[in-house]
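Novice: Take a look at this one; I'll ask things after.
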Amino acid sequence: MNILIFGAKGYMGGNFFRIFPGSFASDVDIADTKAIGKEIDRIQPDIIINCAAKTGRPNIDWCEDHREDTLRSNVTGPLVLLELCQKAGCYFVHMSSGCIYHGDNNGKGYLENDPPNFFESFYSRSKIWSEQILKEFPLLILRPRMPFEGKPHDRNFITKVLKYERVIDVQNSMTYAPDLFAAAKKLIEKRITGIYNIVNPGSISPYEIMMLYKKIVDPSHNVERLDANLLGSVTKTGRSNCLLSSEKLRTQGIELPDIHQRIREALKEYA
């Protein structure tokens, strides 16, 4: 079984490369049809996993000023991969994002088939645009949210939020990265298609995480609570704050541990 991973040098791609040893990595421009075609001809993959995307550094505000680059990676590229996967008969896996919703859907969390309702950032809009087309085809779309783990990394949500002096106290769904990749592996091995929210059950706020960080990791760490209504005064664009349902994932026999359990475990490892 040949697996070809695009964006393998990134955080997501690197982890997929780890769980699928012997897979092939490529960092060619996924919007370059000829380059992608050559990679597919060379490797003859059975599975293609797309982890190439622009999420911005240090955050999604970057995407506001680099719209062409964001559009090329987050919209054009996935559609190129879709077309070539269809022609080659490859099973296609696309990493999307849960940051296309806002709110908690009356406490129920958003299901995979609920229409996106968060359009305030160019990043989120780009993920919505690509997903709206991709979902019409037989492929696997994975939606993680604010991935974190117990090791410092610039893509780890814990590492990210530690850089801020003020953080919001709004409940959110989040994803423990090791759970994400374990769940993804099971879905991929079964050749499952469709959209799946990959989030740990329950919710937590960034401020709560920092309070636990102070308790478990560093008692000297201080952070202020930022009113969500004031977030726009410190960011260039809006931020998605939402709850997602992982009930569909459970129908595949995959049940993830509660978010509070995983946050505490990650922080203990972080220490």
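To be explicit about the labels: the chains of the structure tokens are called A, B, and onward in the order shown, and within each one the residues are counted from 1, while ligands get numbers from 1 in the order they are shown.
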Residues at most 12 Å from Leu187 in chain A, counting only C-alpha atoms, excluding those fewer than 4 positions away in the same chain, as a PyMOL selection string?

Specialist: chain A and resi 91-93+139-142+180-183+191-196+198+248-254

Novice: What would the file look like if the residues just selected were written as a tab-separated table (two decimals), in the first residue's frame with C-alpha atoms?

Specialist:
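See selection.tsv below for the written result:
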```tsv
chain	number	residue	atom	x	y	z
A	91	TYR	CA	-8.35	7.25	-1.87
A	92	PHE	CA	-8.15	10.93	-0.90
A	93	VAL	CA	-7.85	12.25	2.67
A	139	LEU	CA	-13.22	11.20	0.07
A	140	LEU	CA	-12.42	11.55	3.76
A	141	ILE	CA	-12.48	15.06	5.27
A	142	LEU	CA	-11.11	15.43	8.80
A	180	LEU	CA	-6.55	12.82	16.14
A	181	PHE	CA	-3.93	10.71	14.40
A	182	ALA	CA	-5.03	7.47	16.04
A	183	ALA	CA	-8.62	8.10	14.94
A	191	ARG	CA	-11.36	3.56	3.65
A	192	ILE	CA	-14.13	5.58	5.29
A	193	THR	CA	-15.47	8.55	3.32
A	194	GLY	CA	-17.36	11.64	4.44
A	195	ILE	CA	-16.73	14.46	6.90
A	196	TYR	CA	-15.68	13.71	10.49
A	198	ILE	CA	-12.24	14.86	15.33
A	248	LYS	CA	-20.55	10.64	14.15
A	249	LEU	CA	-17.04	9.46	15.03
A	250	ARG	CA	-18.54	7.20	17.70
A	251	THR	CA	-20.63	5.46	15.04
A	252	GLN	CA	-17.33	4.17	13.65
A	253	GLY	CA	-16.47	2.67	17.02
A	254	ILE	CA	-14.03	5.46	17.87
```

Novice: Among range 114-168 of chain A, which residues carry a DSSP assignment of strand (DSSP E), reported as a PyMOL selection string?

Specialist: chain A and resi 140-143+147-148+166-168

Novice: Once you have the residues from the selection above, write them out as a PDB file, in the first residue's frame, restricted to N, CA and C atoms.

Specialist:
```pdb
ATOM      1  N   LEU A 140     -12.355  11.373   2.315  1.00  0.00           N
ATOM      2  CA  LEU A 140     -12.421  11.554   3.763  1.00  0.00           C
ATOM      3  C   LEU A 140     -11.955  12.958   4.120  1.00  0.00           C
ATOM      4  N   ILE A 141     -12.810  13.714   4.807  1.00  0.00           N
ATOM      5  CA  ILE A 141     -12.480  15.058   5.265  1.00  0.00           C
ATOM      6  C   ILE A 141     -12.438  15.041   6.786  1.00  0.00           C
ATOM      7  N   LEU A 142     -11.304  15.430   7.347  1.00  0.00           N
ATOM      8  CA  LEU A 142     -11.112  15.430   8.796  1.00  0.00           C
ATOM      9  C   LEU A 142     -11.128  16.858   9.320  1.00  0.00           C
ATOM     10  N   ARG A 143     -11.888  17.074  10.398  1.00  0.00           N
ATOM     11  CA  ARG A 143     -11.983  18.400  11.006  1.00  0.00           C
ATOM     12  C   ARG A 143     -11.484  18.381  12.453  1.00  0.00           C
ATOM     13  N   PRO A 147      -5.578  21.836  17.834  1.00  0.00           N
ATOM     14  CA  PRO A 147      -4.824  20.663  18.285  1.00  0.00           C
ATOM     15  C   PRO A 147      -3.758  21.010  19.314  1.00  0.00           C
ATOM     16  N   PHE A 148      -3.626  20.127  20.293  1.00  0.00           N
ATOM     17  CA  PHE A 148      -2.644  20.319  21.363  1.00  0.00           C
ATOM     18  C   PHE A 148      -2.055  18.970  21.745  1.00  0.00           C
ATOM     19  N   ARG A 166      -3.139  38.067  27.662  1.00  0.00           N
ATOM     20  CA  ARG A 166      -4.576  38.013  27.912  1.00  0.00           C
ATOM     21  C   ARG A 166      -5.201  36.963  27.002  1.00  0.00           C
ATOM     22  N   VAL A 167      -6.069  36.135  27.549  1.00  0.00           N
ATOM     23  CA  VAL A 167      -6.729  35.096  26.757  1.00  0.00           C
ATOM     24  C   VAL A 167      -8.218  35.078  27.073  1.00  0.00           C
ATOM     25  N   ILE A 168      -9.006  34.632  26.108  1.00  0.00           N
ATOM     26  CA  ILE A 168     -10.450  34.639  26.279  1.00  0.00           C
ATOM     27  C   ILE A 168     -10.927  33.458  27.124  1.00  0.00           C
TER      28      ILE A 168
END
```

Novice: Considering only C-alpha atoms, state which residue in the set A:Thr76, A:Thr70, A:Asn2, A:Ser205 is at the smallest distance from Asp32 in chain A.

Specialist: A:Thr76

Novice: Name the closest residue to Arg239 in chain A among the candidates A:Arg264, A:Arg125, A:Lys108, A:His94; distances are taken between atoms, counting only C-alpha atoms.

Specialist: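 Result for the nearest residue to Arg239 in chain A: A:Arg125.
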
Novice: Where does range 45-98 of chain A meet range 16-27 of chain A within 10 Å, residue by residue, with the nearest atom pair and distance in Å to one decimal for each, counting only C-alpha atoms, listed by chain and rising number, as CSV?

Specialist:
```
residue,atom,partner,partner_atom,distance
A:Pro45,CA,A:Phe24,CA,8.7
A:Ile47,CA,A:Ser23,CA,9.6
A:Ile48,CA,A:Phe24,CA,9.5
A:Ile49,CA,A:Phe16,CA,8.4
A:Asn50,CA,A:Ser26,CA,10.0
A:Cys51,CA,A:Phe16,CA,8.8
A:Ala52,CA,A:Asp27,CA,8.0
```

Novice: Based on DSSP run over this structure's backbone, return all residues of range 88-254 of chain A in helix (DSSP H, G or I), as a ChimeraX atom specification.

Specialist: /A:88,122-134,157-161,177-189,206-216,228-233,247-250

Novice: Using C-alpha atoms, can you write the selected residues to a file as a PDB file, in the first residue's frame?

Specialist:
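Here's the written file out-v1.pdb:
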```
ATOM      1  CA  ALA A  88      -5.818   7.936 -10.646  1.00  0.00           C
ATOM      2  CA  PHE A 122     -10.216  34.791   5.327  1.00  0.00           C
ATOM      3  CA  TYR A 123      -8.663  31.587   6.659  1.00  0.00           C
ATOM      4  CA  SER A 124     -12.057  30.210   7.706  1.00  0.00           C
ATOM      5  CA  ARG A 125     -13.678  31.289   4.462  1.00  0.00           C
ATOM      6  CA  SER A 126     -10.948  29.530   2.471  1.00  0.00           C
ATOM      7  CA  LYS A 127     -11.558  26.287   4.378  1.00  0.00           C
ATOM      8  CA  ILE A 128     -15.297  26.611   3.815  1.00  0.00           C
ATOM      9  CA  TRP A 129     -14.901  27.190   0.072  1.00  0.00           C
ATOM     10  CA  SER A 130     -12.769  24.093  -0.462  1.00  0.00           C
ATOM     11  CA  GLU A 131     -14.874  21.883   1.775  1.00  0.00           C
ATOM     12  CA  GLN A 132     -18.118  22.838   0.040  1.00  0.00           C
ATOM     13  CA  ILE A 133     -16.782  21.350  -3.199  1.00  0.00           C
ATOM     14  CA  LEU A 134     -14.802  18.437  -1.791  1.00  0.00           C
ATOM     15  CA  PHE A 157      -2.312  25.262  21.035  1.00  0.00           C
ATOM     16  CA  ILE A 158      -0.786  25.245  24.518  1.00  0.00           C
ATOM     17  CA  THR A 159       2.467  26.653  23.155  1.00  0.00           C
ATOM     18  CA  LYS A 160       0.547  29.248  21.159  1.00  0.00           C
ATOM     19  CA  VAL A 161      -1.600  30.534  23.995  1.00  0.00           C
ATOM     20  CA  ALA A 177      -3.286  15.524  18.643  1.00  0.00           C
ATOM     21  CA  PRO A 178      -2.384  11.887  19.434  1.00  0.00           C
ATOM     22  CA  ASP A 179      -6.118  11.075  19.489  1.00  0.00           C
ATOM     23  CA  LEU A 180      -6.546  12.820  16.140  1.00  0.00           C
ATOM     24  CA  PHE A 181      -3.929  10.714  14.396  1.00  0.00           C
ATOM     25  CA  ALA A 182      -5.028   7.470  16.037  1.00  0.00           C
ATOM     26  CA  ALA A 183      -8.622   8.101  14.939  1.00  0.00           C
ATOM     27  CA  ALA A 184      -7.533   9.157  11.456  1.00  0.00           C
ATOM     28  CA  LYS A 185      -5.504   5.980  11.039  1.00  0.00           C
ATOM     29  CA  LYS A 186      -8.525   3.824  11.874  1.00  0.00           C
ATOM     30  CA  LEU A 187     -10.744   5.695   9.430  1.00  0.00           C
ATOM     31  CA  ILE A 188      -8.138   5.560   6.675  1.00  0.00           C
ATOM     32  CA  GLU A 189      -7.463   1.854   7.135  1.00  0.00           C
ATOM     33  CA  PRO A 206      -8.205  28.987  26.731  1.00  0.00           C
ATOM     34  CA  TYR A 207      -8.327  30.806  30.071  1.00  0.00           C
ATOM     35  CA  GLU A 208      -9.158  27.561  31.893  1.00  0.00           C
ATOM     36  CA  ILE A 209      -6.187  25.915  30.203  1.00  0.00           C
ATOM     37  CA  MET A 210      -3.877  28.674  31.406  1.00  0.00           C
ATOM     38  CA  MET A 211      -5.221  28.337  34.955  1.00  0.00           C
ATOM     39  CA  LEU A 212      -4.453  24.625  34.809  1.00  0.00           C
ATOM     40  CA  TYR A 213      -1.034  25.414  33.339  1.00  0.00           C
ATOM     41  CA  LYS A 214      -0.362  27.671  36.316  1.00  0.00           C
ATOM     42  CA  LYS A 215      -1.453  24.925  38.712  1.00  0.00           C
ATOM     43  CA  ILE A 216       0.282  21.969  37.053  1.00  0.00           C
ATOM     44  CA  ALA A 228     -14.524  37.916  24.137  1.00  0.00           C
ATOM     45  CA  ASN A 229     -16.193  41.158  23.052  1.00  0.00           C
ATOM     46  CA  LEU A 230     -12.782  42.853  23.174  1.00  0.00           C
ATOM     47  CA  LEU A 231     -10.983  40.232  21.112  1.00  0.00           C
ATOM     48  CA  GLY A 232     -11.372  42.304  17.979  1.00  0.00           C
ATOM     49  CA  SER A 233      -9.290  45.058  19.539  1.00  0.00           C
ATOM     50  CA  GLU A 247     -21.109  11.693  17.774  1.00  0.00           C
ATOM     51  CA  LYS A 248     -20.547  10.638  14.153  1.00  0.00           C
ATOM     52  CA  LEU A 249     -17.039   9.457  15.033  1.00  0.00           C
ATOM     53  CA  ARG A 250     -18.541   7.198  17.699  1.00  0.00           C
TER      54      ARG A 250
END
```

Novice: Just want the 9 Å neighbourhood of Ile40 in chain A, counted on only C-alpha atoms, with same-chain residues fewer than 4 positions away dropped. Output as a list of chain:residue names.

Specialist: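 Listing them by chain and then by number gives A:Leu4, A:Ala35, A:Ile36, A:Gln44, A:Pro45, A:Leu84, A:Cys85, A:Ala88.
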
Novice: Between CA of Cys242 in chain A and CA of Phe137 in chain A, measure the distance and give it in Å to one decimal.

Specialist: 26.2 Å

Novice: When you draw a straight line from CA of Asp227 in chain A to CA of His102 in chain A, how long is it in Å?

Specialist: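 Computing it gives 16.2 Å between the two atoms.
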